[in-house]
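> Got a structure here, written out as C-alpha cells. Questions coming.
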Amino acid sequence: MKRTRLIILACTVLLAGCKFVVTEKKGGDAGGSGATAPEQQVAEMWDAKVLPYLEAKAGDFKTVSEAVRTNAEAAGATYGNKEKQASSPWTVIVRLEGKIVAANTESRAGSIDVDADGNGSADARVQIGPVMRGTSLRDSLDFVSFNQFTNQIDFAQFGKAFNLHVDKTLTSKLPRDQLVGKTVSVLGAFPVENGKDLPLVTPAKIELK
Amino acid sequence: MSKFSRRLVIAAMGGMLAFSTALSARAADLIAIITPSHDNPFFKAEAQGAEAKAKELGYEVLVASHDDDANKQSELIDTAIGRGAKAIILDNAGADASVAAVQKAKDAGIPSFLIDREINATGVAVAQIVSNNYQGAQLGAAEFVKLMGEKGTYVELVGKESDTNAGIRSKGYHDTIDAYPDMKMVAQQSANWSQKEAFDKMETILQANPDIKGVISGNDTMAMGAIAALQAAGKKDVIVVGFDGSNDVRDSILSGGIKATVLQPAYAQAQNAVVQAHDYITTKKAPAQEKQLMDCVLINGENAKSLETFALK
C-alpha cells in the first residue's frame, strides 16, 4: 500500500515528463484475471488521480447536455479534456441520477437506459459490461495524451484498461435482474456524437439505490 | 510546370548543388510524397490528396512508391534529399525499419510528415498523423459481432506484420470480439494487405472450414479477395467486414456483398499533412503535437452511398 502511494506520488510529481512505458503481456486474453501492466497503472492512479479529476470536472447531466447542444467545443473544454486529439469527438464528464427504464443484459455489451429528467423516456445509456465500448474514461483525462505512448497499441491498451478496471471493480458486482424501476446514480463520461443515439456513458462510479 | 522545364530544374539542381538553396528560393519548392504501391486505392488516394494540396499551395511535387521495401524507401529519401526537397510526406515502409530513413532526412535538414502509419520513435518526424485504427477496429468489430448475432465461427485476415496498423486493428478486433465467448475464430492468417493473397488463402481456409459464418479483414483489399473467394464457392451468406472505406467495398456493400467497413479519412489526412508541412516550411512552426489521431467512421448499408474516394460526401 505504502509502495503504491509512493509510485503515485512519483508519477504525479513527474507528470509533465511522465512517459507511459507499457510492457504488455502477449496473448491478449480479454477479461482474463491476470492484470496487464496498463491495468496496474490504471489501478494505481484510479483513487489518487482519476476519481478526484472526474469529480472535479463533472457537471450535472442536464446542464452538460444543454451546454453540449449550445456549443460542444466550449462544453467539451469545461466538462472534459480540452487537450483532446483534434479530430476526435469531445468527451464530457457527467453526474447522472435517475430511474432505469430499460436494461439490456442479454448482450455481453450490457447497458441500462436511464431517465434523468423524470419524463419516463431514456436520456442516457450507461454501459454495465462485461464488454464496454470506446475509450471515454481515458479520453476525458487531461493528463493522458497519445504523445506519452510509443504507439497506438500501447495507447489503446491503456484505454481498454480503464474499461476492464471499471468492470472488475464496479459493474461486475451489479445485479443483472430486476434492474428496471430502480434508481441509479452514476459518475461517468461520454463522447459527444451526432445526437442520433443515446449518449453512451462509461461509468467510473455507479450505485443502485 | 511542364515536364521539360521540370527536367531543367532537376538538371540545374544536380549541376549546381551548392547553389540549390539560393535556387530553390526562386523556383517552386519541392515536396516529396512517398507511399506504398498505388495498386491499393487507399495509398493512391492519399498520394493524390497530398499532391493536390501541395500544388494548390504552389509546390512542385515528387510522387513515388516504396512498395513496402525499406531499402527502396531509403533510396527515395536519398533522392528527396538530393533534390533539395523542402519536406517529405511519408506513408512509411515499416515502424522500425523507417526510423533510420526519417532520421537521415532530418539530419539533412528536411522535415518529414508521416501519414497513415506510425514509426516507433518520436522526435524524428515533425508530425505523425494517423487514423485511430483501434477506435476504427472497435467500430468494425462491434458491427461484425452484431451482424453475427454475437455467435458463430469466423476467420480473420491480418495485414502485413511490419505495419503497426495490422497489429492494432487485429488487437482492436479481438478486444471487442473475444469478449463474446460464442464467437469462435477458426483461422487467422496474414494476407499481407493483398487481394490476390486473400483470395488464395480464403480458398484454402474454406476447404478446411466450409461452414464459417463470418470473415473480418484488416483492410478492404483483403476483404475484396475474401468475398470473391466466398462467392466463387457459392457462399452468399457469409458476413464480411473490411477496413479502409474504399470505393470497391462501397460498391460491394451497395450490391449486397460485403456488409461493412470502416472509413479512414485518407484524403483529408494527407492534405492535413501537407498543410502542416507548409506551415513548417513558411513559419518554422511545428504542430503542437507530433502524434495526431484522426477518428474513423463505420460504413454500412445506411451510409455507403455517401462514400467517395475515402471521404463522406
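Chain labels follow the order of the C-alpha cells: the first chain is A, the next B, and so on; residue numbering restarts at 1 in every chain, and ligands are counted from 1 in their shown order.
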Can you list, as JSON, numbers by chain, all residues belonging to stretch 22-186 of chain B that DSSP tags as strand (DSSP E)?
{"B": [30, 31, 32, 33, 34, 35, 60, 61, 62, 63, 64, 65, 87, 88, 89, 90, 112, 113, 114, 115, 127, 128, 129, 130, 131, 152, 153, 154, 155, 156, 157, 158, 183, 184, 185, 186]}
> For chain B, work out the contacting residues on chain A at 12 Å, counting only C-alpha atoms, and write them as number ranges by chain.
A: 19, 26-32, 83-90, 106-110, 129-136, 139, 145-161, 163-164, 193
> As a PyMOL selection string, please: the residues near A:Gly181 (cut-off 9 Å, only C-alpha atoms, same-chain neighbours under 5 positions excluded).
chain A and resi 99-102
> Kindly save the residues from that selection, with all heavy atoms included, as a PDB file, in the first residue's frame.

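Full text of result_13.pdb as output:
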```pdb
ATOM      1  N   LYS A  99     -34.112   7.049 -12.967  1.00  0.00           N
ATOM      2  CA  LYS A  99     -34.724   5.726 -12.914  1.00  0.00           C
ATOM      3  C   LYS A  99     -34.289   4.909 -14.126  1.00  0.00           C
ATOM      4  O   LYS A  99     -34.218   5.445 -15.249  1.00  0.00           O
ATOM      5  CB  LYS A  99     -36.249   5.886 -12.894  1.00  0.00           C
ATOM      6  CG  LYS A  99     -36.976   4.615 -12.453  1.00  0.00           C
ATOM      7  CD  LYS A  99     -38.431   4.898 -12.138  1.00  0.00           C
ATOM      8  CE  LYS A  99     -38.633   5.148 -10.645  1.00  0.00           C
ATOM      9  NZ  LYS A  99     -40.036   5.307 -10.248  1.00  0.00           N
ATOM     10  N   ILE A 100     -34.014   3.640 -13.913  1.00  0.00           N
ATOM     11  CA  ILE A 100     -33.688   2.744 -15.018  1.00  0.00           C
ATOM     12  C   ILE A 100     -34.979   2.378 -15.737  1.00  0.00           C
ATOM     13  O   ILE A 100     -35.887   1.814 -15.131  1.00  0.00           O
ATOM     14  CB  ILE A 100     -32.969   1.473 -14.511  1.00  0.00           C
ATOM     15  CG1 ILE A 100     -31.677   1.854 -13.768  1.00  0.00           C
ATOM     16  CG2 ILE A 100     -32.664   0.528 -15.667  1.00  0.00           C
ATOM     17  CD1 ILE A 100     -30.985   0.692 -13.083  1.00  0.00           C
ATOM     18  N   VAL A 101     -35.080   2.730 -17.024  1.00  0.00           N
ATOM     19  CA  VAL A 101     -36.312   2.451 -17.764  1.00  0.00           C
ATOM     20  C   VAL A 101     -36.167   1.261 -18.714  1.00  0.00           C
ATOM     21  O   VAL A 101     -37.150   0.744 -19.227  1.00  0.00           O
ATOM     22  CB  VAL A 101     -36.797   3.698 -18.543  1.00  0.00           C
ATOM     23  CG1 VAL A 101     -37.276   4.773 -17.569  1.00  0.00           C
ATOM     24  CG2 VAL A 101     -35.690   4.251 -19.438  1.00  0.00           C
ATOM     25  N   ALA A 102     -34.924   0.828 -18.951  1.00  0.00           N
ATOM     26  CA  ALA A 102     -34.709  -0.367 -19.766  1.00  0.00           C
ATOM     27  C   ALA A 102     -33.338  -0.931 -19.440  1.00  0.00           C
ATOM     28  O   ALA A 102     -32.452  -0.193 -19.016  1.00  0.00           O
ATOM     29  CB  ALA A 102     -34.790  -0.014 -21.251  1.00  0.00           C
TER      30      ALA A 102
END
```
> Pick out each residue of stretch 42-161 of chain A that DSSP on the backbone tags as helix (DSSP H, G or I); I need them as a PyMOL selection string.
chain A and resi 42-57+61-70+72-79+136-140+146-148+152-161
> With distances taken over only C-alpha atoms, which of A:Asp117, A:Asp197, A:Gly98, A:Val42 is nearest to A:Thr169?
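Nearest candidate to A:Thr169 out of A:Asp117, A:Asp197, A:Gly98, A:Val42: A:Val42.
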> Enter the distance from atom CA of B:Lys305 to atom CA of B:Tyr267, in Å, rounded to one decimal.
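That distance, rounded to one decimal, is 17.7 Å.
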> Please provide as a PyMOL selection string all residues within 10 Å of B:Glu203, with the sequence filter that same-chain residues fewer than 3 positions apart are discarded (counting only C-alpha atoms).
chain B and resi 197-200+206-210+225-226+228-230+232-233
> Could you save the residues just selected, with N, CA and C atoms, as a CSV table (one decimal), in the first residue's frame?

```csv
chain,number,residue,atom,x,y,z
B,197,GLU,N,-3.7,-12.5,-52.6
B,197,GLU,CA,-3.3,-13.4,-51.5
B,197,GLU,C,-4.5,-13.8,-50.6
B,198,ALA,N,-5.4,-12.8,-50.4
B,198,ALA,CA,-6.5,-13.1,-49.6
B,198,ALA,C,-7.5,-14.1,-50.3
B,199,PHE,N,-7.6,-13.9,-51.6
B,199,PHE,CA,-8.4,-14.8,-52.4
B,199,PHE,C,-7.9,-16.3,-52.2
B,200,ASP,N,-6.5,-16.4,-52.4
B,200,ASP,CA,-5.9,-17.8,-52.3
B,200,ASP,C,-6.1,-18.3,-50.9
B,206,LEU,N,-11.4,-22.3,-46.7
B,206,LEU,CA,-12.8,-22.8,-46.9
B,206,LEU,C,-12.8,-24.3,-47.1
B,207,GLN,N,-11.7,-24.8,-47.6
B,207,GLN,CA,-11.6,-26.3,-47.8
B,207,GLN,C,-11.6,-27.0,-46.4
B,208,ALA,N,-10.9,-26.4,-45.4
B,208,ALA,CA,-10.9,-27.0,-44.1
B,208,ALA,C,-12.1,-26.6,-43.2
B,209,ASN,N,-12.7,-25.4,-43.5
B,209,ASN,CA,-13.8,-24.8,-42.7
B,209,ASN,C,-14.9,-24.4,-43.6
B,210,PRO,N,-15.6,-25.3,-44.2
B,210,PRO,CA,-16.6,-24.9,-45.2
B,210,PRO,C,-17.8,-24.2,-44.6
B,225,GLY,N,-10.8,-9.7,-51.8
B,225,GLY,CA,-10.3,-11.0,-52.1
B,225,GLY,C,-11.1,-12.1,-51.5
B,226,ALA,N,-11.5,-11.9,-50.2
B,226,ALA,CA,-12.2,-12.9,-49.4
B,226,ALA,C,-13.6,-13.1,-50.0
B,228,ALA,N,-14.7,-12.5,-53.0
B,228,ALA,CA,-14.6,-13.1,-54.3
B,228,ALA,C,-14.5,-14.6,-54.2
B,229,ALA,N,-13.6,-15.1,-53.2
B,229,ALA,CA,-13.5,-16.5,-53.0
B,229,ALA,C,-14.8,-17.1,-52.5
B,230,LEU,N,-15.4,-16.4,-51.5
B,230,LEU,CA,-16.7,-16.9,-51.0
B,230,LEU,C,-17.7,-17.0,-52.0
B,232,ALA,N,-17.3,-17.3,-55.3
B,232,ALA,CA,-16.9,-18.3,-56.2
B,232,ALA,C,-17.3,-19.7,-55.6
B,233,ALA,N,-17.3,-19.8,-54.3
B,233,ALA,CA,-17.6,-21.1,-53.7
B,233,ALA,C,-19.1,-21.2,-53.4
```
> Can you list, as an NGL selection string, every protein, DNA or RNA residue that comes within 12 Å of stretch 300-302 of chain B when you count only C-alpha atoms, leaving out same-chain residues fewer than 2 positions away?
:B and (139-140 or 143-144 or 147 or 240-243 or 245 or 249-263 or 297-298 or 304-307)
> In Å, how far is it from atom CA of A:Glu44 to atom CA of B:Ala288?
29.2 Å
> Can you tell me which residues surround A:Phe190 at a distance of at most 9 Å, considering only C-alpha atoms, apart from same-chain residues fewer than 2 positions away, and format the answer as an MDAnalysis selection string?
chainID A and resid 90:94 136:137 140 188 192:193 199:203
> Counting only C-alpha atoms, which of B:Glu46, B:Asp69, B:Asp244, B:Glu156 gets nearest to B:Lys184?
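When distances to B:Lys184 are compared using only C-alpha atoms, the smallest one comes from B:Glu156.
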> To one decimal in Å, tell me the separation between atom CA of A:Pro38 and atom CA of A:Leu96.
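Between atom CA of A:Pro38 and atom CA of A:Leu96 the gap is 27.9 Å.
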